[in-house]
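Trainee: For reference, this is data.csv, and it has CSV, C-alpha atoms.
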chain,number,residue,atom,x,y,z
A,182,MET,CA,-5.0,21.7,13.7
A,183,VAL,CA,-6.9,21.1,10.4
A,184,ARG,CA,-6.0,21.6,6.8
A,185,LYS,CA,-8.7,22.3,4.3
A,186,ALA,CA,-8.1,22.2,0.6
A,187,SER,CA,-8.7,25.6,-1.1
A,188,VAL,CA,-8.4,24.6,-4.7
A,189,LEU,CA,-10.5,22.0,-6.4
A,190,PHE,CA,-8.6,18.7,-6.8
A,191,ALA,CA,-8.7,18.1,-10.5
A,192,LEU,CA,-10.4,14.8,-11.5
A,193,LEU,CA,-9.3,14.7,-15.1
A,194,VAL,CA,-10.1,11.8,-17.5
A,195,MET,CA,-6.7,10.2,-18.0
A,196,PRO,CA,-5.8,7.3,-20.4
A,197,ALA,CA,-3.7,4.5,-19.0
A,198,LEU,CA,0.1,4.9,-18.5
A,199,VAL,CA,2.8,4.3,-21.0
A,200,TRP,CA,5.8,2.5,-19.6
A,201,ALA,CA,9.2,3.7,-21.1
A,202,GLN,CA,12.8,2.9,-20.7
A,203,ALA,CA,14.3,4.3,-17.5
A,204,SER,CA,17.7,5.8,-17.0
A,205,GLY,CA,19.7,4.5,-14.1
A,206,GLY,CA,22.2,2.0,-15.6
A,207,PRO,CA,22.0,-1.7,-16.5
A,208,GLY,CA,19.8,-3.9,-14.4
A,209,SER,CA,17.8,-0.9,-13.0
A,210,ILE,CA,14.2,0.2,-13.6
A,211,SER,CA,12.0,3.0,-12.4
A,212,ILE,CA,8.8,2.0,-10.6
A,213,LEU,CA,7.0,4.3,-13.0
A,214,GLU,CA,9.2,4.1,-16.2
A,215,VAL,CA,10.1,0.6,-17.3
A,216,ASN,CA,11.2,-1.2,-20.4
A,217,SER,CA,8.5,-3.3,-22.1
A,218,ASP,CA,11.0,-5.4,-24.0
A,219,GLU,CA,12.8,-6.9,-21.0
A,220,ARG,CA,11.1,-8.7,-18.1
A,221,GLY,CA,12.0,-8.2,-14.5
A,222,GLY,CA,8.6,-7.4,-13.1
A,223,VAL,CA,8.0,-4.8,-15.8
A,224,GLY,CA,5.7,-4.2,-18.7
A,225,GLN,CA,3.8,-2.0,-21.1
A,226,GLY,CA,0.6,0.0,-20.7
A,227,ALA,CA,-1.0,3.0,-22.4
A,228,SER,CA,-0.4,6.8,-21.9
A,229,ALA,CA,-1.4,9.4,-19.3
A,230,SER,CA,-0.6,12.9,-18.3
A,231,VAL,CA,0.8,13.2,-14.8
A,232,ALA,CA,1.7,16.1,-12.6
A,233,PRO,CA,5.3,17.2,-12.8
A,234,GLY,CA,7.6,16.6,-9.9
A,235,ALA,CA,10.9,15.2,-8.7
A,236,PRO,CA,12.3,12.3,-10.7
A,237,ALA,CA,10.9,8.8,-10.0
A,238,PRO,CA,13.1,6.5,-8.0
A,239,VAL,CA,15.2,3.8,-9.8
A,240,LEU,CA,14.9,0.2,-8.6
A,241,PRO,CA,16.7,-3.0,-9.4
A,242,ARG,CA,14.7,-5.5,-11.4
A,243,PHE,CA,13.7,-7.4,-8.2
A,244,VAL,CA,13.2,-5.4,-5.0
A,245,THR,CA,12.6,-6.6,-1.5
A,246,GLY,CA,10.9,-4.8,1.3
A,247,PHE,CA,8.9,-4.9,4.6
A,248,ASN,CA,5.4,-4.2,5.7
A,249,GLN,CA,5.2,-2.2,9.0
A,250,ALA,CA,1.6,-0.9,8.5
A,251,TRP,CA,1.1,1.0,11.7
A,252,TRP,CA,3.3,2.6,14.3
A,253,HIS,CA,3.7,1.2,17.8
A,254,ASN,CA,0.9,-1.3,16.9
A,255,ARG,CA,-1.6,1.5,17.0
A,256,TYR,CA,-4.0,0.4,14.2
A,257,GLY,CA,-5.7,3.5,12.9
A,258,GLY,CA,-3.4,5.9,14.7
A,259,GLY,CA,0.2,6.8,15.4
A,260,TRP,CA,0.5,9.7,13.0
A,261,CYS,CA,-0.7,12.7,15.1
A,262,SER,CA,1.7,11.6,17.9
A,263,PHE,CA,4.4,10.5,15.5
A,264,ASP,CA,7.5,8.9,17.0
A,265,GLU,CA,10.2,10.2,14.7
A,266,ALA,CA,13.0,8.3,16.5
A,267,GLU,CA,11.2,5.0,16.1
A,268,ALA,CA,10.4,5.7,12.4
A,269,THR,CA,14.1,6.6,11.9
A,270,ARG,CA,15.1,3.3,13.5
A,271,LEU,CA,12.9,1.2,11.4
A,272,VAL,CA,13.7,2.9,8.1
A,273,LYS,CA,17.4,2.5,8.9
A,274,ALA,CA,16.8,-1.2,9.7
A,275,CYS,CA,15.3,-1.5,6.2
A,276,HIS,CA,18.4,0.2,4.7
A,277,ASP,CA,20.9,-1.9,6.7
A,278,ASN,CA,19.3,-5.2,5.7
A,279,GLY,CA,18.8,-4.5,2.0
A,280,ALA,CA,15.1,-3.6,1.9
A,281,ARG,CA,14.3,-0.9,-0.5
A,282,VAL,CA,10.6,-0.6,0.3
A,283,LEU,CA,8.6,0.0,3.6
A,284,ARG,CA,4.9,-0.3,3.4
A,285,VAL,CA,2.8,1.9,5.9
A,286,TRP,CA,-0.9,2.5,6.2
A,287,LEU,CA,-2.6,5.8,6.5
A,288,PHE,CA,-6.4,5.4,6.9
A,289,GLU,CA,-7.0,1.9,8.3
A,290,GLY,CA,-10.0,1.2,10.5
A,291,LEU,CA,-13.5,2.7,10.9
A,292,SER,CA,-12.3,6.0,12.5
A,293,PRO,CA,-8.8,6.6,11.2
A,294,GLU,CA,-6.8,9.3,13.0
A,295,GLY,CA,-6.5,12.7,11.4
A,296,VAL,CA,-9.6,12.8,9.1
A,297,VAL,CA,-11.8,15.8,9.8
A,298,TRP,CA,-15.5,15.5,8.9
A,299,ASP,CA,-18.4,17.9,8.7
A,300,HIS,CA,-21.5,17.2,10.8
A,301,ASP,CA,-24.6,15.8,9.1
A,302,PRO,CA,-27.3,18.5,9.4
A,303,ARG,CA,-30.0,15.8,9.4
A,304,SER,CA,-28.7,14.3,12.6
A,305,ARG,CA,-30.2,14.7,16.0
A,306,PRO,CA,-28.5,17.1,18.5
A,307,GLY,CA,-25.6,15.3,20.0
A,308,SER,CA,-25.4,12.7,17.2
A,309,THR,CA,-22.0,11.8,15.8
A,310,ASN,CA,-23.1,11.2,12.2
A,311,ARG,CA,-20.6,12.5,9.6
A,312,THR,CA,-21.1,13.1,5.9
A,313,VAL,CA,-18.2,14.7,4.0
A,314,PRO,CA,-14.4,14.7,4.9
A,315,THR,CA,-13.4,18.4,5.1
A,316,GLY,CA,-9.8,18.3,6.1
A,317,ILE,CA,-6.8,16.5,7.5
A,318,ASP,CA,-5.0,17.2,10.8
A,319,GLU,CA,-1.8,19.2,10.1
A,320,ARG,CA,0.1,17.0,12.5
A,321,LYS,CA,-0.6,14.0,10.3
A,322,LEU,CA,0.6,15.8,7.2
A,323,ALA,CA,3.8,16.9,9.0
A,324,SER,CA,4.4,13.3,10.1
A,325,ILE,CA,4.0,12.0,6.6
A,326,GLU,CA,6.5,14.5,5.4
A,327,LYS,CA,8.9,13.6,8.2
A,328,LEU,CA,8.7,10.0,7.2
A,329,LEU,CA,9.5,10.7,3.6
A,330,THR,CA,12.4,12.9,4.6
A,331,ILE,CA,13.8,10.1,6.7
A,332,ALA,CA,13.3,7.7,3.9
A,333,GLU,CA,15.1,9.9,1.5
A,334,SER,CA,18.1,10.0,3.8
A,335,GLN,CA,18.3,6.2,3.9
A,336,GLY,CA,17.5,5.4,0.2
A,337,VAL,CA,14.2,3.7,1.2
A,338,LEU,CA,10.9,4.0,-0.6
A,339,ILE,CA,7.7,4.4,1.3
A,340,TYR,CA,4.7,2.4,0.0
A,341,LEU,CA,1.6,4.2,1.1
A,342,THR,CA,-1.6,2.2,1.7
A,343,PHE,CA,-4.8,4.1,2.3
A,344,PHE,CA,-7.6,1.8,3.5
A,345,ASP,CA,-7.9,-1.7,4.9
A,346,GLY,CA,-10.2,-4.0,3.2
A,347,ASN,CA,-10.7,-6.0,6.3
A,348,ILE,CA,-12.7,-3.4,8.2
A,349,TYR,CA,-15.9,-5.3,7.4
A,350,SER,CA,-15.0,-7.6,10.3
A,351,PHE,CA,-14.8,-4.9,13.0
A,352,LYS,CA,-18.2,-5.2,14.6
A,353,THR,CA,-18.1,-2.3,17.0
A,354,ASP,CA,-21.1,-0.7,18.6
A,355,ASN,CA,-21.3,2.0,16.0
A,356,PHE,CA,-20.4,-0.3,13.1
A,357,ASP,CA,-23.5,0.4,10.9
A,358,ARG,CA,-23.0,4.2,11.2
A,359,ARG,CA,-19.3,4.1,10.4
A,360,LYS,CA,-19.9,1.7,7.5
A,361,ASP,CA,-22.5,4.1,6.0
A,362,GLU,CA,-19.9,6.9,6.2
A,363,TRP,CA,-17.2,4.8,4.4
A,364,TRP,CA,-19.7,3.5,1.9
A,365,ASN,CA,-20.4,7.1,1.0
A,366,VAL,CA,-16.7,7.8,0.6
A,367,LEU,CA,-15.9,4.7,-1.4
A,368,ASN,CA,-19.0,5.1,-3.7
A,369,ASP,CA,-18.9,8.9,-3.7
A,370,LYS,CA,-22.3,9.4,-2.3
A,371,TYR,CA,-23.4,12.9,-1.1
A,372,GLY,CA,-19.9,14.2,-2.2
A,373,ALA,CA,-18.1,12.1,0.4
A,374,GLY,CA,-15.6,10.5,-2.0
A,375,THR,CA,-14.9,13.8,-3.8
A,376,GLY,CA,-14.5,15.5,-0.4
A,377,PHE,CA,-12.0,12.9,0.7
A,378,LEU,CA,-10.0,13.3,-2.5
A,379,GLN,CA,-10.0,17.1,-2.4
A,380,ASN,CA,-9.5,17.7,1.3
A,381,VAL,CA,-7.5,14.6,2.6
A,382,VAL,CA,-5.8,12.9,-0.3
A,383,ALA,CA,-4.7,16.0,-2.3
A,384,PRO,CA,-2.6,17.5,0.5
A,385,ILE,CA,-0.9,14.2,1.1
A,386,MET,CA,-0.1,13.8,-2.6
A,387,LYS,CA,1.3,17.3,-2.8
A,388,ILE,CA,3.8,16.2,-0.1
A,389,ALA,CA,4.5,13.0,-2.1
A,390,ALA,CA,5.2,15.0,-5.2
A,391,ARG,CA,7.8,17.1,-3.3
A,392,HIS,CA,9.5,13.8,-2.1
A,393,ARG,CA,8.9,11.8,-5.2
A,394,GLY,CA,12.2,10.0,-4.8
A,395,ALA,CA,11.0,8.5,-1.5
A,396,VAL,CA,7.6,7.2,-2.7
A,397,PHE,CA,7.2,3.7,-4.0
A,398,GLY,CA,3.5,4.0,-4.8
A,399,VAL,CA,0.0,4.0,-3.4
A,400,ASP,CA,-2.2,0.9,-2.6
A,401,LEU,CA,-5.7,2.3,-2.5
A,402,VAL,CA,-7.1,-0.6,-0.4
A,403,ASN,CA,-5.2,-3.3,1.4
A,404,GLU,CA,-6.8,-6.6,0.2
A,405,PHE,CA,-9.4,-4.8,-1.9
A,406,ASN,CA,-11.2,-8.0,-2.9
A,407,ALA,CA,-12.4,-8.4,0.8
A,408,LEU,CA,-14.4,-5.2,0.5
A,409,VAL,CA,-15.8,-6.2,-2.8
A,410,LYS,CA,-16.9,-9.6,-1.5
A,411,ASN,CA,-18.6,-8.0,1.5
A,412,TRP,CA,-20.6,-5.5,-0.6
A,413,TRP,CA,-18.8,-2.3,0.3
A,414,PHE,CA,-19.1,-1.1,-3.3
A,415,GLU,CA,-22.2,-0.5,-5.4
A,416,ASP,CA,-22.6,-3.4,-7.8
A,417,ARG,CA,-19.5,-5.0,-6.2
A,418,TRP,CA,-16.8,-5.3,-8.9
A,419,THR,CA,-18.4,-2.7,-11.2
A,420,GLY,CA,-18.5,-0.1,-8.4
A,421,GLY,CA,-15.1,-1.2,-7.1
A,422,LEU,CA,-13.5,-0.7,-10.5
A,423,ALA,CA,-15.1,2.7,-10.9
A,424,PHE,CA,-13.5,3.6,-7.5
A,425,ILE,CA,-10.1,2.5,-8.6
A,426,ARG,CA,-10.2,4.4,-11.9
A,427,LYS,CA,-11.5,7.6,-10.3
A,428,TRP,CA,-9.0,7.7,-7.4
A,429,ARG,CA,-6.0,6.7,-9.6
A,430,THR,CA,-6.8,9.5,-12.0
A,431,ALA,CA,-7.2,12.0,-9.1
A,432,ILE,CA,-4.0,11.0,-7.4
A,433,ARG,CA,-1.9,11.0,-10.6
A,434,SER,CA,-3.2,14.5,-11.4
A,435,VAL,CA,-1.2,15.7,-8.4
A,436,ALA,CA,1.8,13.4,-8.2
A,437,ASP,CA,3.3,10.9,-10.7
A,438,VAL,CA,3.2,8.0,-8.3
A,439,PRO,CA,2.0,4.5,-9.4
A,440,VAL,CA,-1.4,3.5,-8.0
A,441,GLY,CA,-3.0,0.1,-7.5
A,442,VAL,CA,-4.8,-2.1,-5.1
A,443,SER,CA,-3.7,-5.3,-3.3
A,444,PHE,CA,-5.4,-8.7,-3.2
A,445,GLY,CA,-5.5,-10.9,-0.1
A,446,HIS,CA,-7.2,-14.0,1.5
A,447,HIS,CA,-7.5,-17.4,-0.1
A,448,ASP,CA,-8.6,-16.0,-3.4
A,449,ALA,CA,-5.8,-13.4,-3.8
A,450,VAL,CA,-4.1,-15.1,-6.6
A,451,THR,CA,-7.2,-16.2,-8.5
A,452,THR,CA,-8.6,-12.7,-8.3
A,453,MET,CA,-5.5,-11.3,-9.9
A,454,LEU,CA,-5.3,-14.0,-12.5
A,455,ASP,CA,-8.9,-13.5,-13.4
A,456,ARG,CA,-8.1,-9.9,-14.2
A,457,ARG,CA,-11.1,-8.7,-12.1
A,458,VAL,CA,-9.0,-5.4,-12.1
A,459,PRO,CA,-7.7,-5.0,-15.7
A,460,ALA,CA,-4.2,-3.7,-16.4
A,461,ASP,CA,-5.4,-0.4,-17.7
A,462,ALA,CA,-6.9,0.5,-14.3
A,463,VAL,CA,-3.7,0.2,-12.3
A,464,ASP,CA,0.0,0.8,-12.5
A,465,PHE,CA,1.0,-2.4,-10.7
A,466,TYR,CA,-0.4,-5.6,-9.2
A,467,ASP,CA,0.1,-6.6,-5.5
A,468,PHE,CA,-1.1,-9.9,-4.0
A,469,HIS,CA,-0.6,-11.6,-0.6
A,470,VAL,CA,0.3,-15.1,0.3
A,471,TYR,CA,0.8,-16.9,3.7
A,472,ASP,CA,2.0,-20.4,3.6
A,473,ASN,CA,4.4,-22.5,5.7
A,474,SER,CA,6.3,-23.8,2.7
A,475,GLY,CA,6.7,-20.4,1.1
A,476,ALA,CA,4.9,-21.7,-2.0
A,477,ILE,CA,3.0,-19.3,-4.4
A,478,PRO,CA,-0.3,-20.8,-5.6
A,479,SER,CA,-0.8,-21.5,-9.3
A,480,ALA,CA,2.9,-20.7,-9.8
A,481,GLU,CA,3.0,-21.3,-13.5
A,482,LYS,CA,-0.1,-19.2,-14.1
A,483,VAL,CA,1.4,-16.4,-12.0
A,484,ARG,CA,4.6,-16.6,-14.1
A,485,GLN,CA,2.6,-16.3,-17.3
A,486,PHE,CA,0.6,-13.4,-15.8
A,487,ALA,CA,3.7,-11.5,-14.7
A,488,ALA,CA,5.2,-12.0,-18.2
A,489,SER,CA,2.1,-10.8,-20.1
A,490,CYS,CA,0.1,-8.4,-18.0
A,491,GLY,CA,2.2,-5.4,-18.9
A,492,LYS,CA,2.6,-4.1,-15.3
A,493,PRO,CA,4.9,-4.9,-12.4
A,494,VAL,CA,3.6,-7.7,-10.1
A,495,TYR,CA,4.6,-7.7,-6.5
A,496,LEU,CA,4.2,-10.3,-3.7
A,497,GLY,CA,3.1,-7.5,-1.4
A,498,GLU,CA,2.8,-9.5,1.7
A,499,PHE,CA,4.2,-12.9,2.6
A,500,GLY,CA,4.7,-14.9,5.8
A,501,GLN,CA,3.9,-18.2,7.5
A,502,SER,CA,0.4,-19.6,8.0
A,503,SER,CA,1.1,-21.2,11.3
A,504,SER,CA,0.2,-19.5,14.6
A,505,ALA,CA,3.5,-20.7,16.1
A,506,PHE,CA,6.3,-18.4,17.1
A,507,ASP,CA,9.0,-20.4,15.3
A,508,ASP,CA,12.3,-18.9,14.2
A,509,ALA,CA,13.2,-21.9,12.0
A,510,LEU,CA,9.9,-21.7,10.2
A,511,GLN,CA,10.3,-17.9,9.6
A,512,VAL,CA,13.7,-18.5,8.1
A,513,LYS,CA,12.4,-21.2,5.8
A,514,THR,CA,9.4,-19.2,4.6
A,515,THR,CA,11.4,-16.1,4.0
A,516,GLU,CA,14.0,-17.9,1.9
A,517,ALA,CA,11.3,-19.7,-0.1
A,518,PHE,CA,9.0,-16.8,-0.7
A,519,ILE,CA,11.7,-14.5,-1.9
A,520,GLU,CA,13.3,-17.2,-4.1
A,521,ASN,CA,10.0,-18.2,-5.6
A,522,ALA,CA,8.9,-14.6,-6.3
A,523,ARG,CA,12.2,-13.9,-8.1
A,524,SER,CA,12.0,-17.2,-10.1
A,525,LEU,CA,8.5,-16.4,-11.3
A,526,GLY,CA,9.5,-13.0,-12.7
A,527,LEU,CA,7.8,-10.9,-10.1
A,528,ALA,CA,9.1,-7.4,-9.5
A,529,GLY,CA,9.5,-7.8,-5.8
A,530,ALA,CA,8.5,-9.4,-2.5
A,531,PHE,CA,7.7,-7.6,0.8
A,532,ALA,CA,7.7,-9.5,4.1
A,533,TRP,CA,5.0,-9.1,6.7
A,534,ARG,CA,6.0,-7.7,9.2
A,535,LEU,CA,9.1,-5.6,10.2
A,536,SER,CA,8.7,-5.0,13.9
A,537,ASP,CA,6.5,-5.7,16.8
A,538,ILE,CA,8.0,-4.5,20.1
A,539,ARG,CA,5.1,-5.3,22.4
A,540,PRO,CA,6.0,-7.4,25.5
A,541,GLY,CA,4.3,-10.7,26.0
A,542,PHE,CA,2.5,-12.9,23.5
A,543,ASN,CA,0.6,-11.4,20.7
A,544,GLY,CA,-0.6,-12.7,17.3
A,545,GLU,CA,1.6,-10.4,15.2
A,546,ALA,CA,4.9,-11.4,16.9
A,547,ARG,CA,5.1,-14.7,15.0
A,548,PHE,CA,5.4,-12.7,11.7
A,549,SER,CA,7.7,-10.0,12.9
A,550,PHE,CA,11.4,-9.8,12.1
A,551,GLU,CA,11.9,-7.9,15.3
A,552,ALA,CA,10.0,-9.3,18.3
A,553,PHE,CA,10.4,-9.3,22.1
A,554,GLY,CA,13.3,-6.9,21.9
A,555,LYS,CA,15.5,-8.6,19.4
A,556,TRP,CA,16.0,-9.2,15.7
A,557,ARG,CA,15.2,-12.7,14.7
A,558,PRO,CA,17.4,-15.1,12.5
A,559,ALA,CA,15.2,-14.6,9.5
A,560,MET,CA,16.6,-11.1,9.1
A,561,GLU,CA,19.9,-12.5,8.0
A,562,THR,CA,18.1,-14.7,5.5
A,563,PHE,CA,16.3,-11.6,4.2
A,564,LYS,CA,19.5,-9.6,4.0
A,565,ARG,CA,21.3,-12.4,2.1
A,566,GLN,CA,18.4,-12.8,-0.4
A,567,SER,CA,18.1,-9.0,-0.9
A,568,ALA,CA,21.8,-8.8,-1.8
A,569,ARG,CA,21.4,-11.2,-4.7
Hey, can you dump this file as structure tokens for me?
Mentor:
Amino acid sequence: MVRKASVLFALLVMPALVWAQASGGPGSISILEVNSDERGGVGQGASASVAPGAPAPVLPRFVTGFNQAWWHNRYGGGWCSFDEAEATRLVKACHDNGARVLRVWLFEGLSPEGVVWDHDPRSRPGSTNRTVPTGIDERKLASIEKLLTIAESQGVLIYLTFFDGNIYSFKTDNFDRRKDEWWNVLNDKYGAGTGFLQNVVAPIMKIAARHRGAVFGVDLVNEFNALVKNWWFEDRWTGGLAFIRKWRTAIRSVADVPVGVSFGHHDAVTTMLDRRVPADAVDFYDFHVYDNSGAIPSAEKVRQFAASCGKPVYLGEFGQSSSAFDDALQVKTTEAFIENARSLGLAGAFAWRLSDIRPGFNGEARFSFEAFGKWRPAMETFKRQSAR
């Protein structure tokens, strides 16, 4: 089943967001409304109209969470055949261990599940060329709403991530064709980007607006700087920044959710500190670090940035850099990363990765807090740190 948007998805010019004092008691902040006079991963920006909806969630000044990314290790899938029982189990695991945030991905890969495209009339008969996204599978929409309903029941916030910046490395047989399609979406060529916003994103954000209390925010692109470096945007950072501004405006015209991008790889911290994405283009910052000592690079500069940028700054992924499956190392890095993020004035830290239930060796198991059928000792470390 396919859903097509019947009303034009408004793309209004919107000034940047004003951050204001949130209700919710001492020591609490809203992800969207925060006090610019007291730190705690919060700051001040400029003003914008956003779509009305349910109240924004209230968070402590430092929040912990997990990345799950995809379901049953099905990169690019798992939504149209959604395992509600497994999602419930993982969301409950977050709740039971003090995690307020669970990050999941929606459109990772070169052919993400559930996106419906038109057919390029210039193609040869039998060609699979696609031009404009025209809809989203109703099953995927229903699954997203189920997840948000589950999260509401457990007091967990879902952090939605749209695209994966690492798709440049997926050299499949049809890579060049798929890259052209996503180039058109990201750079809005031939109406592909506008079509994605109208026909795919808008229906999702309407669901997010109905379940606002269960939505943490939207990361437009996981490790955005990877796409920029590999020329997936016209004029690289110029085109990338235009993408962020347009998509943030479009999303926030439907739902009052914070929107940003995340930075990864060895230059994650320097990209953020260099303000390649200025504070008026995003509602938060998210960067990723993997290190066996749990150290955050350029720590003092990160502290200064978090104190001065005017937006919440999150350690959006953290974990070991070693390829070893090592319980003691995971305990050590979990303790250190959360403690370091808190001491630097960040707004939160999210571990990679919650669960990998595949049997036998795989590269993700070393990061996962659940692996080979059991919860690992680092979960107790995470729970203790989250309770502070």
Trainee: Closest to Ala436 in chain A among A:Gly374, A:Pro241, A:Gly544, A:Pro384, using only C-alpha atoms?
Mentor: A:Pro384
Trainee: Of the candidates A:Val382, A:Leu525, A:Ile538, A:Ala568, which one gets nearest to Trp556 in chain A if we count all atoms listed in the file?
Mentor: A:Ile538
Trainee: Tell me which of A:Asn310, A:Thr342, A:Asn365, A:Thr452 sits closest to Val399 in chain A, counting all atoms listed in the file.
Mentor: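 Going through A:Asn310, A:Thr342, A:Asn365, A:Thr452 one by one, the smallest distance to Val399 in chain A is for A:Thr342.
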Trainee: Would you mind telling me which residue in A:Ala323, A:Ala431, A:Val337, A:Val463 lies nearest to Thr375 in chain A when using only C-alpha atoms?
Mentor: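 Ranked by minimum distance to Thr375 in chain A, first place goes to A:Ala431.
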Trainee: Extract, using all atoms listed in the file, all DNA, RNA and protein residues at most 12 Å from Asn254 in chain A, discarding same-chain residues fewer than 6 positions from it, and format them as a PyMOL selection string.
Mentor: chain A and resi 260+285-286+534-540+543-546+549
